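Enquirer: Input file: query_26.tsv. Contents: TSV, C-alpha atoms.
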```tsv
chain	number	residue	atom	x	y	z
A	1	PRO	CA	11.11	27.81	31.78
A	2	SER	CA	12.35	24.43	32.89
A	3	LYS	CA	13.20	21.57	30.55
A	4	ASN	CA	9.96	19.82	31.54
A	5	GLU	CA	7.93	22.94	30.82
A	6	LEU	CA	9.53	23.28	27.39
A	7	ILE	CA	8.88	19.63	26.56
A	8	PHE	CA	5.29	19.94	27.75
A	9	SER	CA	4.78	23.12	25.70
A	10	ILE	CA	6.10	21.47	22.54
A	11	ILE	CA	3.95	18.37	22.92
A	12	TYR	CA	0.85	20.25	24.06
A	13	ALA	CA	1.04	22.76	21.21
A	14	HIS	CA	1.60	19.96	18.68
A	15	LEU	CA	-1.41	17.98	19.93
A	16	THR	CA	-3.62	21.05	20.30
A	17	ASP	CA	-2.88	22.02	16.70
A	18	LEU	CA	-3.50	18.44	15.56
A	19	GLU	CA	-6.83	18.28	17.42
A	20	ALA	CA	-7.91	21.58	15.84
A	21	GLU	CA	-7.04	20.34	12.34
A	22	LEU	CA	-8.80	17.07	13.01
A	23	ALA	CA	-11.92	18.71	14.46
A	24	GLU	CA	-12.17	20.80	11.30
A	25	ALA	CA	-11.71	17.75	9.05
A	26	ASP	CA	-14.17	15.55	10.99
A	27	ASP	CA	-17.27	16.22	8.88
A	28	ALA	CA	-20.17	14.04	10.01
A	29	SER	CA	-22.15	15.02	6.91
A	30	LEU	CA	-19.74	13.05	4.70
A	31	PRO	CA	-20.17	9.35	3.97
A	32	PRO	CA	-18.15	7.50	6.65
A	33	ARG	CA	-15.36	6.28	4.34
A	34	GLU	CA	-14.82	9.78	2.93
A	35	ARG	CA	-14.96	11.21	6.44
A	36	LEU	CA	-12.29	8.78	7.62
A	37	GLU	CA	-10.02	9.47	4.66
A	38	LYS	CA	-10.42	13.21	5.14
A	39	MET	CA	-9.37	12.81	8.78
A	40	VAL	CA	-6.37	10.62	7.88
A	41	THR	CA	-5.36	13.21	5.28
A	42	ALA	CA	-5.69	16.00	7.85
A	43	VAL	CA	-3.38	14.18	10.26
A	44	LEU	CA	-0.78	13.45	7.59
A	45	LEU	CA	-0.85	17.05	6.37
A	46	ALA	CA	-0.60	18.31	9.97
A	47	TYR	CA	2.45	16.07	10.45
A	48	GLU	CA	4.20	17.76	7.51
A	49	GLY	CA	7.09	19.74	8.96
A	50	ALA	CA	6.32	18.48	12.48
A	51	ASP	CA	8.80	15.60	12.66
A	52	ASP	CA	10.74	17.20	15.51
A	53	GLN	CA	7.61	17.81	17.59
A	54	HIS	CA	6.48	14.27	16.89
A	55	LYS	CA	9.84	12.88	18.05
A	56	VAL	CA	9.64	14.92	21.25
A	57	GLN	CA	6.16	13.51	21.88
A	58	LEU	CA	7.35	9.94	21.32
A	59	ASN	CA	10.61	10.15	23.25
A	60	ALA	CA	10.35	12.77	25.98
A	61	GLY	CA	7.04	11.97	27.65
A	62	GLU	CA	8.73	10.48	30.70
A	63	ALA	CA	10.11	13.94	31.53
A	64	LEU	CA	6.58	15.22	32.17
A	65	SER	CA	4.91	15.54	35.54
A	66	ASP	CA	1.87	13.40	36.28
A	67	GLU	CA	-0.38	16.42	35.75
A	68	GLN	CA	1.25	17.27	32.42
A	69	ARG	CA	1.10	13.63	31.33
A	70	ALA	CA	-2.62	13.53	32.19
A	71	LEU	CA	-3.29	16.60	30.02
A	72	ILE	CA	-1.35	15.08	27.11
A	73	THR	CA	-3.09	11.73	27.50
A	74	GLY	CA	-6.47	13.48	27.51
A	75	LEU	CA	-5.65	15.21	24.23
A	76	GLU	CA	-4.36	11.99	22.69
A	77	ARG	CA	-7.56	10.17	23.66
A	78	GLN	CA	-9.67	12.96	22.20
A	79	ILE	CA	-7.76	12.65	18.91
A	80	VAL	CA	-8.07	8.86	18.87
A	81	LYS	CA	-11.81	9.07	19.58
A	82	HIS	CA	-12.43	10.93	16.31
A	83	PHE	CA	-11.16	7.85	14.50
A	84	SER	CA	-12.72	5.15	16.66
A	85	VAL	CA	-16.16	6.76	16.29
A	86	VAL	CA	-15.95	6.67	12.50
A	87	LEU	CA	-14.43	3.19	12.36
A	88	ASN	CA	-17.23	1.95	14.62
A	89	GLU	CA	-19.78	3.62	12.35
A	90	ILE	CA	-18.30	1.85	9.32
A	91	HIS	CA	-17.75	-1.52	11.04
A	92	PRO	CA	-19.89	-1.73	14.22
A	93	GLN	CA	-18.96	-5.39	14.66
A	94	LEU	CA	-15.49	-4.19	15.74
A	95	ASP	CA	-16.95	-3.22	19.10
A	96	LYS	CA	-18.49	-6.58	20.03
A	97	PRO	CA	-17.94	-7.49	23.69
A	98	ASP	CA	-16.85	-11.03	22.82
A	99	ARG	CA	-14.21	-9.82	20.34
A	100	PRO	CA	-13.39	-6.14	20.94
A	101	LEU	CA	-11.31	-5.07	17.95
A	102	LEU	CA	-12.19	-1.37	17.71
A	103	MET	CA	-9.21	-0.13	19.73
A	104	PRO	CA	-6.64	-2.46	18.10
A	105	VAL	CA	-7.85	-1.43	14.62
A	106	THR	CA	-7.90	2.25	15.56
A	107	MET	CA	-4.40	2.07	17.00
A	108	SER	CA	-3.18	0.16	13.94
A	109	LEU	CA	-4.30	3.10	11.83
A	110	PHE	CA	-2.42	5.42	14.18
A	111	GLY	CA	0.64	3.23	13.78
A	112	MET	CA	0.51	3.80	10.04
A	113	MET	CA	0.11	7.56	10.51
A	114	ASN	CA	2.48	8.12	13.44
A	115	TRP	CA	5.45	6.27	12.01
A	116	VAL	CA	5.22	7.78	8.52
A	117	TYR	CA	7.95	10.26	9.45
A	118	MET	CA	10.44	7.38	9.53
A	119	TRP	CA	10.23	6.67	5.81
A	120	PHE	CA	8.04	9.21	4.03
A	121	ARG	CA	9.75	11.88	1.92
A	122	ASP	CA	7.83	14.87	0.60
A	123	GLY	CA	8.33	15.12	-3.14
A	124	GLY	CA	8.70	11.34	-3.41
A	125	LYS	CA	6.69	8.93	-5.52
A	126	ILE	CA	3.65	9.05	-3.24
A	127	SER	CA	2.02	12.16	-1.79
A	128	ARG	CA	0.59	12.50	1.69
A	129	ARG	CA	-2.90	12.43	0.16
A	130	ASP	CA	-2.04	9.26	-1.77
A	131	TYR	CA	-0.76	7.67	1.41
A	132	ALA	CA	-3.90	8.75	3.29
A	133	HIS	CA	-6.00	6.98	0.66
A	134	MET	CA	-3.82	3.89	0.86
A	135	ALA	CA	-3.85	3.76	4.69
A	136	THR	CA	-7.62	4.24	4.80
A	137	THR	CA	-8.12	1.49	2.23
A	138	LEU	CA	-5.75	-0.90	4.02
A	139	ILE	CA	-7.60	-0.44	7.31
A	140	LEU	CA	-11.11	-0.68	5.90
A	141	GLU	CA	-10.40	-3.60	3.59
A	142	GLY	CA	-8.22	-5.34	6.18
A	143	VAL	CA	-11.01	-5.17	8.76
A	144	LYS	CA	-13.14	-7.26	6.43
A	145	ALA	CA	-10.60	-10.08	6.72
A	146	VAL	CA	-10.25	-10.04	10.52
A	147	ARG	CA	-13.85	-9.70	11.66
```
Just dump the structure as structure tokens.
Expert:
Amino acid sequence: PSKNELIFSIIYAHLTDLEAELAEADDASLPPRERLEKMVTAVLLAYEGADDQHKVQLNAGEALSDEQRALITGLERQIVKHFSVVLNEIHPQLDKPDRPLLMPVTMSLFGMMNWVYMWFRDGGKISRRDYAHMATTLILEGVKAVR
């Protein structure tokens, strides 16, 4: 396989696994806040041991063909949608046409999750589940201040 094919395979497998974990965690029968925290936890647990795949995703995307990039982008959007749906359910005012904040808030949550590999250490003073609770709380309480 070519370098591009290897890069694509790494990113695609990483995102496919993440989507599967997230689909399993996305339980619409839960109260929305619990549902969101369960999804954040699922992402953070899925990221455990996946730092290298995550770095490839962040840094090697330009090596992909347009077709490969479109497949990756489709998966990324599917993953993001899980979160934007729940955030909109919790705070529907985020999706007002005059002040559309749903995507910025959703992507802020992803910023907290996606960059955790830069500083988080397993076995440290905070667990992934603790951080999931903290990130969920920061987003949901922070939204109250920016609406």
Enquirer: When you count all atoms listed in the file, which of these residues is closest to Ile7 (chain A): A:Ser65, A:Ser127, A:Gln78, A:Thr106?
Expert: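 Nearest to Ile7 (chain A): A:Ser65.
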Enquirer: Counting all atoms listed in the file, what is within 9 Å of Glu48 (chain A), bar same-chain residues fewer than 2 positions away, as a PyMOL selection string?
Expert: chain A and resi 43-46+50-51+117+122+128
Enquirer: What gap, in Å, lies between CA of Lys125 (chain A) and CA of Glu34 (chain A)?
Expert: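 Result for CA of Lys125 (chain A) versus CA of Glu34 (chain A): 23.1 Å, one decimal.
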Enquirer: Would you kindly identify which residues have an atom no farther than 12 Å from (-10.7, -1.3, 3.5), using all atoms listed in the file and the file's own coordinates, and write them out as a list in words?
Expert: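 Counting all atoms listed in the file, I find these residues within 12 Å of (-10.7, -1.3, 3.5): Pro32, Arg33, Glu34, Leu36, Glu37, Leu87, Ile90, His91, Val105, Leu109, His133, Met134, Ala135, Thr136, Thr137, Leu138, Ile139, Leu140, Glu141, Gly142, Val143, Lys144, Ala145 and Val146 of chain A.
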Enquirer: What is the distance, in Å and to one decimal place, between CA of Ala63 (chain A) and CA of Met113 (chain A)?
Expert: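 These atoms are spaced 24.1 Å apart.
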Enquirer: Could you please determine the separation between CA of Asn88 (chain A) and CA of Trp115 (chain A) in Å, to one decimal place?
Expert: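 Result for CA of Asn88 (chain A) versus CA of Trp115 (chain A): 23.2 Å, one decimal.
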Enquirer: Hey, what's within 10 Å of Asp52 (chain A) if we count all atoms listed in the file and toss same-chain stuff fewer than 5 positions away? As a list of chain:residue names, please?
Expert: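 That gives A:Ile10, A:Tyr47, A:Gln57, A:Leu58, A:Tyr117.
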